[in-house]
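So this block is query.txt, compact mmCIF, C-alpha atoms and all ligand atoms:
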# COMPACT_ATOMS: atom_id res chain seq x y z
CA MET A 1 0.00 0.00 0.00
CA SER A 2 1.27 3.45 -0.79
CA ALA A 3 0.13 7.05 -0.68
CA SER A 4 -2.61 7.99 -3.18
CA SER A 5 -3.52 11.15 -4.96
CA LEU A 6 -6.55 12.76 -3.40
CA ARG A 7 -8.20 12.89 -6.78
CA SER A 8 -7.85 9.16 -7.47
CA LEU A 9 -9.00 8.29 -3.95
CA LEU A 10 -12.10 10.43 -4.40
CA ILE A 11 -12.89 8.91 -7.78
CA GLU A 12 -12.48 5.41 -6.30
CA ALA A 13 -14.70 6.21 -3.30
CA GLU A 14 -17.40 7.85 -5.40
CA ALA A 15 -17.46 4.93 -7.85
CA ALA A 16 -17.70 2.37 -5.02
CA LEU A 17 -20.53 4.28 -3.31
CA ALA A 18 -22.38 4.86 -6.59
CA SER A 19 -22.20 1.20 -7.57
CA ALA A 20 -23.56 0.31 -4.12
CA GLY A 21 -26.58 2.47 -5.01
CA TYR A 22 -25.90 5.60 -2.96
CA PRO A 23 -27.51 8.49 -4.87
CA SER A 24 -25.27 11.14 -3.24
CA ALA A 25 -22.05 9.21 -3.81
CA ALA A 26 -19.98 12.28 -4.75
CA VAL A 27 -21.08 14.28 -1.71
CA GLU A 28 -20.53 11.34 0.62
CA ALA A 29 -17.07 10.63 -0.79
CA LYS A 30 -16.16 14.28 -0.25
CA THR A 31 -17.56 14.28 3.31
CA LEU A 32 -15.61 11.15 4.23
CA ALA A 33 -12.41 12.55 2.71
CA GLU A 34 -12.81 15.82 4.62
CA TYR A 35 -13.28 13.81 7.79
CA VAL A 36 -10.25 11.57 7.18
CA LEU A 37 -8.05 14.53 6.26
CA GLN A 38 -9.49 16.65 9.08
CA VAL A 39 -10.19 19.66 6.85
CA GLU A 40 -13.31 21.79 6.67
CA HIS A 41 -13.15 21.86 2.85
CA LEU A 42 -11.33 19.57 0.46
CA VAL A 43 -9.78 22.54 -1.35
CA LEU A 44 -7.67 22.97 1.79
CA ALA A 45 -6.30 19.41 1.59
CA PRO A 46 -2.89 18.55 0.11
CA PRO A 47 -3.06 16.73 -3.25
CA THR A 48 -1.41 13.58 -1.87
CA VAL A 49 -3.00 11.41 0.79
CA GLY A 50 -0.75 9.41 3.15
CA GLU A 51 -0.89 5.63 3.42
CA GLU A 52 -2.65 5.54 6.77
CA GLN A 53 -5.31 7.98 5.61
CA THR A 54 -5.80 6.03 2.39
CA VAL A 55 -6.47 2.87 4.41
CA ARG A 56 -8.83 4.76 6.74
CA MET A 57 -10.74 6.24 3.81
CA ARG A 58 -11.24 2.80 2.26
CA GLU A 59 -12.40 1.39 5.59
CA LEU A 60 -14.97 4.15 5.94
CA VAL A 61 -16.26 3.68 2.41
CA ALA A 62 -16.62 -0.05 3.12
CA ALA A 63 -18.49 0.67 6.37
CA ARG A 64 -20.79 3.08 4.53
CA ILE A 65 -21.47 0.46 1.83
CA ALA A 66 -22.29 -1.99 4.64
CA GLY A 67 -25.03 0.45 5.73
CA LYS A 68 -23.46 2.54 8.51
CA PRO A 69 -24.99 6.04 8.44
CA ILE A 70 -22.49 8.68 7.41
CA GLN A 71 -23.32 10.66 10.58
CA LEU A 72 -22.01 7.80 12.74
CA LEU A 73 -18.86 7.53 10.65
CA THR A 74 -17.93 11.20 10.92
CA GLY A 75 -19.60 11.89 14.29
CA ASP A 76 -21.34 14.95 12.86
CA MET A 77 -24.93 15.59 11.80
CA TYR A 78 -26.54 18.70 10.40
CA PHE A 79 -29.92 20.10 11.35
CA ARG A 80 -31.16 23.50 10.20
CA HIS A 81 -28.22 25.83 10.91
CA LEU A 82 -26.62 23.51 13.47
CA ARG A 83 -23.72 21.11 13.31
CA LEU A 84 -24.46 18.56 16.02
CA LYS A 85 -22.60 15.54 17.36
CA ALA A 86 -23.98 12.13 16.40
CA ARG A 87 -23.24 9.05 18.48
CA GLU A 88 -23.94 5.31 18.40
CA GLY A 89 -27.08 4.48 20.37
CA VAL A 90 -28.73 7.88 19.86
CA PHE A 91 -31.31 8.61 17.14
CA ILE A 92 -29.94 10.46 14.10
CA VAL A 93 -32.06 13.53 13.45
CA ARG A 94 -33.85 13.47 10.08
CA PRO A 95 -34.40 16.26 7.53
CA GLU A 96 -38.23 16.06 7.78
CA THR A 97 -38.00 17.19 11.41
CA GLU A 98 -36.80 20.58 10.16
CA MET A 99 -40.42 21.27 9.15
CA VAL A 100 -41.53 20.65 12.73
CA VAL A 101 -39.10 23.32 13.91
CA GLU A 102 -40.28 25.67 11.15
CA SER A 103 -43.87 25.30 12.31
CA ALA A 104 -42.88 25.71 15.98
CA ILE A 105 -41.03 28.93 15.15
CA ALA A 106 -44.12 30.29 13.39
CA GLU A 107 -46.17 29.44 16.50
CA ALA A 108 -43.60 31.10 18.76
CA ARG A 109 -43.77 34.26 16.64
CA ARG A 110 -47.56 34.20 16.75
CA LEU A 111 -47.50 33.93 20.55
CA ALA A 112 -44.86 36.68 20.86
CA ALA A 113 -46.89 38.95 18.56
CA ALA A 114 -49.88 38.35 20.82
CA GLY A 115 -47.85 39.75 23.72
CA LYS A 116 -46.36 36.60 25.28
CA THR A 117 -42.99 37.44 26.78
CA ARG A 118 -40.30 34.87 27.66
CA LEU A 119 -41.91 31.90 25.97
CA ARG A 120 -41.70 28.57 27.76
CA ILE A 121 -41.02 25.69 25.40
CA MET A 122 -40.89 21.95 26.09
CA ASP A 123 -39.34 19.38 23.71
CA LEU A 124 -40.53 15.88 24.55
CA CYS A 125 -38.33 12.93 23.50
CA THR A 126 -35.45 15.26 22.66
CA GLY A 127 -32.87 12.62 21.60
CA SER A 128 -29.74 14.51 20.53
CA GLY A 129 -31.42 17.78 21.52
CA ALA A 130 -31.78 18.87 17.89
CA ILE A 131 -35.27 20.42 18.11
CA ALA A 132 -34.74 22.10 21.48
CA ILE A 133 -31.38 23.58 20.50
CA ALA A 134 -32.58 24.75 17.07
CA LEU A 135 -35.61 26.44 18.64
CA GLN A 136 -33.66 28.24 21.30
CA THR A 137 -30.87 29.45 19.05
CA GLU A 138 -33.16 30.47 16.17
CA LEU A 139 -35.66 32.24 18.40
CA ARG A 140 -32.82 34.08 20.12
CA ALA A 141 -31.68 35.28 16.71
CA LEU A 142 -35.21 36.64 16.19
CA GLY A 143 -34.94 38.63 19.41
CA LEU A 144 -36.95 36.19 21.51
CA ASP A 145 -35.22 34.37 24.34
CA PRO A 146 -37.33 31.37 25.25
CA GLN A 147 -36.84 29.15 28.25
CA VAL A 148 -36.45 25.66 26.84
CA ALA A 149 -36.75 22.36 28.66
CA ALA A 150 -36.48 18.86 27.24
CA VAL A 151 -37.45 15.37 28.36
CA GLU A 152 -35.64 12.20 27.36
CA ILE A 153 -35.61 8.66 28.75
CA SER A 154 -32.25 7.50 27.37
CA ALA A 155 -29.14 8.41 29.38
CA ALA A 156 -26.95 8.26 26.27
CA ALA A 157 -29.25 10.68 24.46
CA ARG A 158 -29.42 13.06 27.43
CA GLN A 159 -25.64 13.15 27.60
CA LEU A 160 -25.38 13.87 23.88
CA ALA A 161 -28.10 16.53 24.06
CA ALA A 162 -26.20 18.27 26.87
CA GLN A 163 -22.99 18.19 24.82
CA ASN A 164 -24.79 19.49 21.72
CA ALA A 165 -26.46 22.26 23.71
CA ASP A 166 -23.10 23.31 25.16
CA GLN A 167 -21.47 23.34 21.75
CA ALA A 168 -24.28 25.50 20.33
CA GLY A 169 -24.30 27.86 23.32
CA ALA A 170 -27.88 26.86 24.17
CA GLU A 171 -29.25 26.52 27.67
CA ILE A 172 -31.66 23.62 27.78
CA LEU A 173 -32.93 22.06 30.98
CA ILE A 174 -32.74 18.35 30.17
CA ARG A 175 -34.95 16.16 32.31
CA ASP A 176 -34.75 12.41 32.85
CA GLU A 177 -38.41 11.45 32.53
CA ASP A 178 -40.64 8.93 30.79
CA VAL A 179 -43.41 10.63 28.76
CA THR A 180 -45.67 7.60 29.09
CA VAL A 181 -45.98 8.19 32.84
CA TRP A 182 -46.17 12.01 32.70
CA ARG A 183 -48.93 12.02 35.32
CA GLN A 184 -46.32 10.78 37.82
CA TRP A 185 -43.85 13.64 37.29
CA TRP A 186 -45.85 16.57 35.95
CA GLN A 187 -46.27 19.13 38.71
CA GLY A 188 -48.69 21.43 36.95
CA GLU A 189 -46.10 23.64 35.16
CA SER A 190 -47.49 25.14 31.98
CA TRP A 191 -45.87 25.64 28.59
CA ASP A 192 -46.56 27.98 25.69
CA LEU A 193 -45.26 25.54 23.14
CA ILE A 194 -44.78 21.77 23.29
CA VAL A 195 -42.80 20.24 20.46
CA SER A 196 -41.95 16.62 19.86
CA ASN A 197 -40.62 14.08 17.44
CA PRO A 198 -41.52 10.99 19.47
CA PRO A 199 -41.22 7.31 18.59
CA TYR A 200 -44.22 6.73 16.31
CA VAL A 201 -43.52 3.87 13.89
CA PRO A 202 -46.45 1.41 13.84
CA ALA A 203 -45.71 -2.19 14.87
CA GLY A 204 -44.89 -4.47 11.98
CA VAL A 205 -43.63 -1.72 9.66
CA GLU A 206 -40.54 -3.04 7.92
CA LEU A 207 -37.89 -0.40 8.31
CA PRO A 208 -34.72 -0.40 6.20
CA VAL A 209 -31.95 -2.58 7.68
CA ASP A 210 -29.64 0.39 8.25
CA VAL A 211 -32.33 2.08 10.36
CA ILE A 212 -33.00 -1.06 12.43
CA GLU A 213 -29.28 -1.63 12.95
CA ASN A 214 -28.34 1.93 13.83
CA ASP A 215 -31.25 3.76 15.46
CA PRO A 216 -32.29 2.57 18.93
CA HIS A 217 -35.45 0.47 18.87
CA ALA A 218 -36.96 2.63 21.64
CA ALA A 219 -36.56 5.71 19.45
CA LEU A 220 -38.58 4.20 16.60
CA PHE A 221 -41.69 2.27 17.60
CA GLY A 222 -44.48 4.27 19.18
CA GLY A 223 -46.21 1.32 20.83
CA GLY A 224 -49.37 -0.51 19.80
CA VAL A 225 -50.31 -1.75 16.35
CA ASP A 226 -50.80 1.80 15.08
CA GLY A 227 -47.66 3.20 16.79
CA MET A 228 -49.83 5.75 18.58
CA GLN A 229 -49.29 4.89 22.25
CA ILE A 230 -46.54 7.44 22.86
CA PRO A 231 -48.03 10.09 20.49
CA HIS A 232 -51.36 9.75 22.39
CA GLN A 233 -49.60 10.34 25.70
CA ILE A 234 -47.97 13.44 24.28
CA ILE A 235 -51.30 14.83 23.07
CA ASP A 236 -52.85 14.08 26.48
CA PHE A 237 -49.97 15.77 28.28
CA ALA A 238 -50.08 18.83 26.01
CA ALA A 239 -53.84 19.15 26.51
CA GLN A 240 -53.17 19.55 30.23
CA ALA A 241 -49.86 21.41 30.23
CA LEU A 242 -50.29 24.02 27.47
CA VAL A 243 -51.49 27.52 28.28
CA SER A 244 -54.66 28.66 26.54
CA GLY A 245 -53.61 29.71 23.02
CA GLY A 246 -50.45 27.59 23.27
CA ALA A 247 -49.57 25.01 20.62
CA LEU A 248 -48.42 21.44 20.21
CA VAL A 249 -46.30 20.60 17.18
CA MET A 250 -45.67 16.85 16.95
CA GLU A 251 -44.13 14.80 14.17
CA HIS A 252 -45.88 11.55 13.26
CA ASP A 253 -46.05 8.72 10.75
CA ASP A 254 -47.73 9.47 7.42
CA THR A 255 -50.59 7.14 8.42
CA GLN A 256 -51.38 9.06 11.63
CA GLY A 257 -52.61 12.46 10.41
CA LYS A 258 -56.34 11.86 10.91
CA ALA A 259 -55.94 9.98 14.21
CA THR A 260 -53.72 12.67 15.75
CA ARG A 261 -56.12 15.47 14.69
CA GLU A 262 -59.11 13.59 16.08
CA THR A 263 -57.36 12.84 19.37
CA ALA A 264 -56.32 16.48 19.77
CA LEU A 265 -59.87 17.74 19.17
CA GLN A 266 -61.27 15.13 21.59
CA GLN A 267 -58.75 16.32 24.18
CA GLY A 268 -60.07 19.88 23.96
CA PHE A 269 -57.68 21.56 21.51
CA SER A 270 -59.47 24.34 19.66
CA SER A 271 -57.89 23.51 16.31
CA ALA A 272 -55.87 20.69 14.82
CA GLU A 273 -54.23 20.56 11.42
CA THR A 274 -51.75 18.31 9.69
CA GLY A 275 -48.50 19.62 8.21
CA LEU A 276 -46.95 17.94 5.19
CA ASP A 277 -43.35 16.96 4.53
CA LEU A 278 -41.47 17.83 1.35
CA ALA A 279 -42.82 14.68 -0.31
CA GLY A 280 -46.38 15.90 0.38
CA ARG A 281 -47.11 13.25 3.03
CA ASP A 282 -48.86 13.89 6.34
CA ARG A 283 -45.96 14.53 8.73
CA PHE A 284 -46.88 16.57 11.80
CA LEU A 285 -49.75 17.72 13.94
CA LEU A 286 -50.20 21.40 14.75
CA ALA A 287 -52.83 21.72 17.47
CA ARG A 288 -53.72 24.89 19.38
CA ARG A 289 -55.28 25.02 22.83
C1 LIG A 301 -37.61 9.48 17.07
S1 LIG A 301 -36.44 9.83 18.33
C2 LIG A 301 -36.39 11.59 18.14
C3 LIG A 301 -35.26 12.29 18.81
C4 LIG A 301 -35.23 13.79 18.50
N1 LIG A 301 -36.44 14.45 18.93
C5 LIG A 301 -35.03 14.02 17.01
O1 LIG A 301 -35.94 14.50 16.34
O2 LIG A 301 -33.96 13.69 16.51
C6 LIG A 301 -37.41 9.60 19.80
C7 LIG A 301 -36.67 9.80 21.12
O3 LIG A 301 -37.60 9.52 22.18
C8 LIG A 301 -36.94 8.88 23.25
N2 LIG A 301 -37.95 8.15 24.01
C9 LIG A 301 -38.50 6.95 23.72
N3 LIG A 301 -39.42 6.60 24.61
C10 LIG A 301 -39.47 7.61 25.53
C11 LIG A 301 -40.23 7.83 26.70
N4 LIG A 301 -41.12 6.94 27.10
N5 LIG A 301 -40.03 8.97 27.39
C12 LIG A 301 -39.10 9.89 26.97
N6 LIG A 301 -38.33 9.73 25.87
C13 LIG A 301 -38.51 8.60 25.14
C14 LIG A 301 -35.91 8.00 22.55
O4 LIG A 301 -34.88 7.65 23.43
C15 LIG A 301 -35.48 8.90 21.40
O5 LIG A 301 -34.37 9.67 21.76
Using structure tokens, write down the structure from this file.
Amino acid sequence: MSASSLRSLLIEAEAALASAGYPSAAVEAKTLAEYVLQVEHLVLAPPTVGEEQTVRMRELVAARIAGKPIQLLTGDMYFRHLRLKAREGVFIVRPETEMVVESAIAEARRLAAAGKTRLRIMDLCTGSGAIAIALQTELRALGLDPQVAAVEISAAARQLAAQNADQAGAEILIRDEDVTVWRQWWQGESWDLIVSNPPYVPAGVELPVDVIENDPHAALFGGGVDGMQIPHQIIDFAAQALVSGGALVMEHDDTQGKATRETALQQGFSSAETGLDLAGRDRFLLARR
């Protein structure tokens, strides 16, 4: 084995990823090379790659072809304007969740325009902290400075969320609680906005192997045949804990739009609508108290 030219290594990686069916082979090859060479942009890398780095690059391409998410290979994931840490055992935030944050920001602006000061926001099932951190940092940039709390059952996720919050300069109160038993820990505090991307996959749905192998089971399945056990608990909690005029924004499976709207209306929300993802599928509930 000897040193390679960066160009030939990139061509080799892109070809291997493309023939394994990865549609963004060129981007992924570039991302892996930047990671191996520890540069922000490939233009900053020397034209020759050392032997050790060549071996490392080939190992990473092989791991990617075997189905390892690129976020777990590089340790970085991107969400809205944030670069977050990704770690084995913690759910990798998905692009569709950006729409949930977009809707929550619109709700926060509506509440602020109606005279609400110092909004109180709760992110249930926060995972890596992506939603909570994005909301706090983006709302701060808009001149609002919300208090943000988050609930998460997994210790690994709470630790990562704390690290991500630190890195982003966000102050999130991360609580070790189980949303399915919220009646045991809720002490009557109220929130202006409750946001969540909970586990919601219905039982029996066949997820891609790379998802099953790399995202924690407890982050995926919502409980019950329809996957609605945890989403129902979140709607129930929000119905009690939101202030009048406050809003719940909750991501869900594309089969759960009607059921989540109906549950919210039964629980006393004054309105309930379904937001779509970029593919036009039902993706989140927006319900106002
Ligand atoms: C689909 S992941 C979403 C994580 C994060 N909100 C995001 O969008 O990337 C769901 C998260 O809920 C957490 N979780 C699962 N069951 C829970 C429960 N009963 N109480 C609190 N958190 C729970 C999982 O550990 C996981 O981090």
Could you work out an axis-aligned bounding box for all listed atoms of segment 42-49 of chain A, with 4 Å added on each of the six sides, and give its centre and edge lengths in Å to one decimal, as AutoDock Vina command-line options?
--center_x -6.4 --center_y 17.2 --center_z -0.7 --size_x 17.9 --size_y 19.6 --size_z 13.0
With only C-alpha atoms and all ligand atoms as the basis for distance, which of A:Leu285, A:Ala108, A:Ala238, A:Ile230 is at the shortest distance from ligand LIG 301 (chain A)?
A:Ile230
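Of the residues listed (A:Phe269, A:Phe284, A:Phe237, A:Tyr78), A:Phe284 shows the shortest atom-to-atom separation from Asn197 of chain A; distances use all atoms listed in the file.
Closest to ligand LIG 301 (chain A) among A:Ser244, A:Ser128, A:Gln256, A:Ser270 is A:Ser128, based on only C-alpha atoms and all ligand atoms.
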From atom CA of Gly224 of chain A to atom CA of Ile121 of chain A the spacing works out at 28.1 Å
Residue contacts of Gln163 of chain A (9 Å, only C-alpha atoms) excluding same-chain residues fewer than 4 positions away, as a VMD selection string
chain A and resid 84 to 85 128 158 to 159 167 to 168
Segment 30-42 of chain A surroundings by all atoms listed in the file, 12 Å radius, close-in-sequence under 2 positions cut, as a PyMOL selection string
chain A and resi 5-14+17+24-28+44-64+69-77
So which residues touch segment 100-103 of chain A within 7 Å, counting only C-alpha atoms, skipping near sequence neighbours fewer than 5 positions away, as a PyMOL selection string?
chain A and resi 131+135+249+251+284
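Here atom CA of Asp178 of chain A and atom CA of Asp215 of chain A stand 18.7 Å from one another.
Atom pair atom CA of Val209 of chain A / atom CA of Leu276 of chain A has a distance of 25.5 Å (rounded to one decimal).
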Per-residue nearest contacts chain A to ligand LIG 301 (chain A), cut-off 8 Å, using all atoms listed in the file, as a Markdown table:
| residue | atom | partner | partner_atom | distance |
| --- | --- | --- | --- | --- |
| A:Val90 | CA | A:LIG301 | O5 | 6.2 |
| A:Phe91 | CA | A:LIG301 | S1 | 5.4 |
| A:Ile92 | CA | A:LIG301 | O2 | 5.7 |
| A:Val93 | CA | A:LIG301 | O2 | 3.6 |
| A:Arg94 | CA | A:LIG301 | O2 | 6.4 |
| A:Thr97 | CA | A:LIG301 | O1 | 6.0 |
| A:Asp123 | CA | A:LIG301 | N1 | 7.5 |
| A:Leu124 | CA | A:LIG301 | C12 | 6.6 |
| A:Cys125 | CA | A:LIG301 | O3 | 3.7 |
| A:Thr126 | CA | A:LIG301 | N1 | 3.9 |
| A:Gly127 | CA | A:LIG301 | O5 | 3.3 |
| A:Ser128 | CA | A:LIG301 | O2 | 5.9 |
| A:Gly129 | CA | A:LIG301 | C4 | 6.3 |
| A:Ala130 | CA | A:LIG301 | O2 | 5.8 |
| A:Ile131 | CA | A:LIG301 | N1 | 6.1 |
| A:Val151 | CA | A:LIG301 | C12 | 5.9 |
| A:Glu152 | CA | A:LIG301 | N6 | 3.9 |
| A:Ile153 | CA | A:LIG301 | N6 | 4.1 |
| A:Ser154 | CA | A:LIG301 | O4 | 4.7 |
| A:Ala157 | CA | A:LIG301 | O5 | 5.9 |
| A:Asp176 | CA | A:LIG301 | C12 | 7.7 |
| A:Glu177 | CA | A:LIG301 | C12 | 5.8 |
| A:Asp178 | CA | A:LIG301 | N5 | 3.5 |
| A:Val179 | CA | A:LIG301 | N5 | 4.0 |
| A:Thr180 | CA | A:LIG301 | N4 | 5.0 |
| A:Val181 | CA | A:LIG301 | N4 | 7.6 |
| A:Ser196 | CA | A:LIG301 | N1 | 6.0 |
| A:Asn197 | CA | A:LIG301 | N1 | 4.5 |
| A:Pro198 | CA | A:LIG301 | C6 | 4.4 |
| A:Pro199 | CA | A:LIG301 | C1 | 4.5 |
| A:Tyr200 | CA | A:LIG301 | C1 | 7.2 |
| A:Pro216 | CA | A:LIG301 | O4 | 7.3 |
| A:Ala218 | CA | A:LIG301 | C9 | 5.0 |
| A:Ala219 | CA | A:LIG301 | C15 | 3.9 |
| A:Leu220 | CA | A:LIG301 | C1 | 5.4 |
| A:Gly222 | CA | A:LIG301 | N3 | 7.8 |
| A:Ile230 | CA | A:LIG301 | N4 | 6.9 |
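Minimum atom-to-atom distance to Lys116 of chain A, evaluated using all atoms listed in the file, belongs to A:Gly246 out of A:Ser4, A:Gly246, A:Ala203, A:Trp185.
Candidate residues A:Ala113, A:Ala86, A:Ala165, A:Leu265 were compared for distance to Leu144 of chain A, and the nearest is A:Ala113, using only C-alpha atoms.
Of the residues listed (A:Met122, A:Ala279, A:Ile133, A:Val205), A:Met122 shows the shortest atom-to-atom separation from Leu248 of chain A; distances use all atoms listed in the file.
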Might you pull out every residue within 8 Å of Asp192 of chain A, with all atoms listed in the file counted and same-chain residues fewer than 3 positions away left off, and present them as a PDB file with C-alpha atoms, in the coordinates of the input?
ATOM      1  CA  LEU A 111     -47.500  33.930  20.550  1.00  0.00           C
ATOM      2  CA  LEU A 119     -41.910  31.900  25.970  1.00  0.00           C
ATOM      3  CA  ARG A 120     -41.700  28.570  27.760  1.00  0.00           C
ATOM      4  CA  ILE A 121     -41.020  25.690  25.400  1.00  0.00           C
ATOM      5  CA  LEU A 242     -50.290  24.020  27.470  1.00  0.00           C
ATOM      6  CA  VAL A 243     -51.490  27.520  28.280  1.00  0.00           C
ATOM      7  CA  GLY A 245     -53.610  29.710  23.020  1.00  0.00           C
ATOM      8  CA  GLY A 246     -50.450  27.590  23.270  1.00  0.00           C
ATOM      9  CA  ALA A 247     -49.570  25.010  20.620  1.00  0.00           C
TER      10      ALA A 247
END
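Within a radius of 10 Å around (-37.6, 27.8, 28.4), the polymer residues are Arg118, Leu119, Arg120, Ile121, Met122, Asp123, Ala132, Gln136, Asp145, Pro146, Gln147, Val148, Ala149, Ala150, Glu171, Ile172, Leu173, Trp191, Asp192 and Leu193 of chain A, counting all atoms listed in the file.
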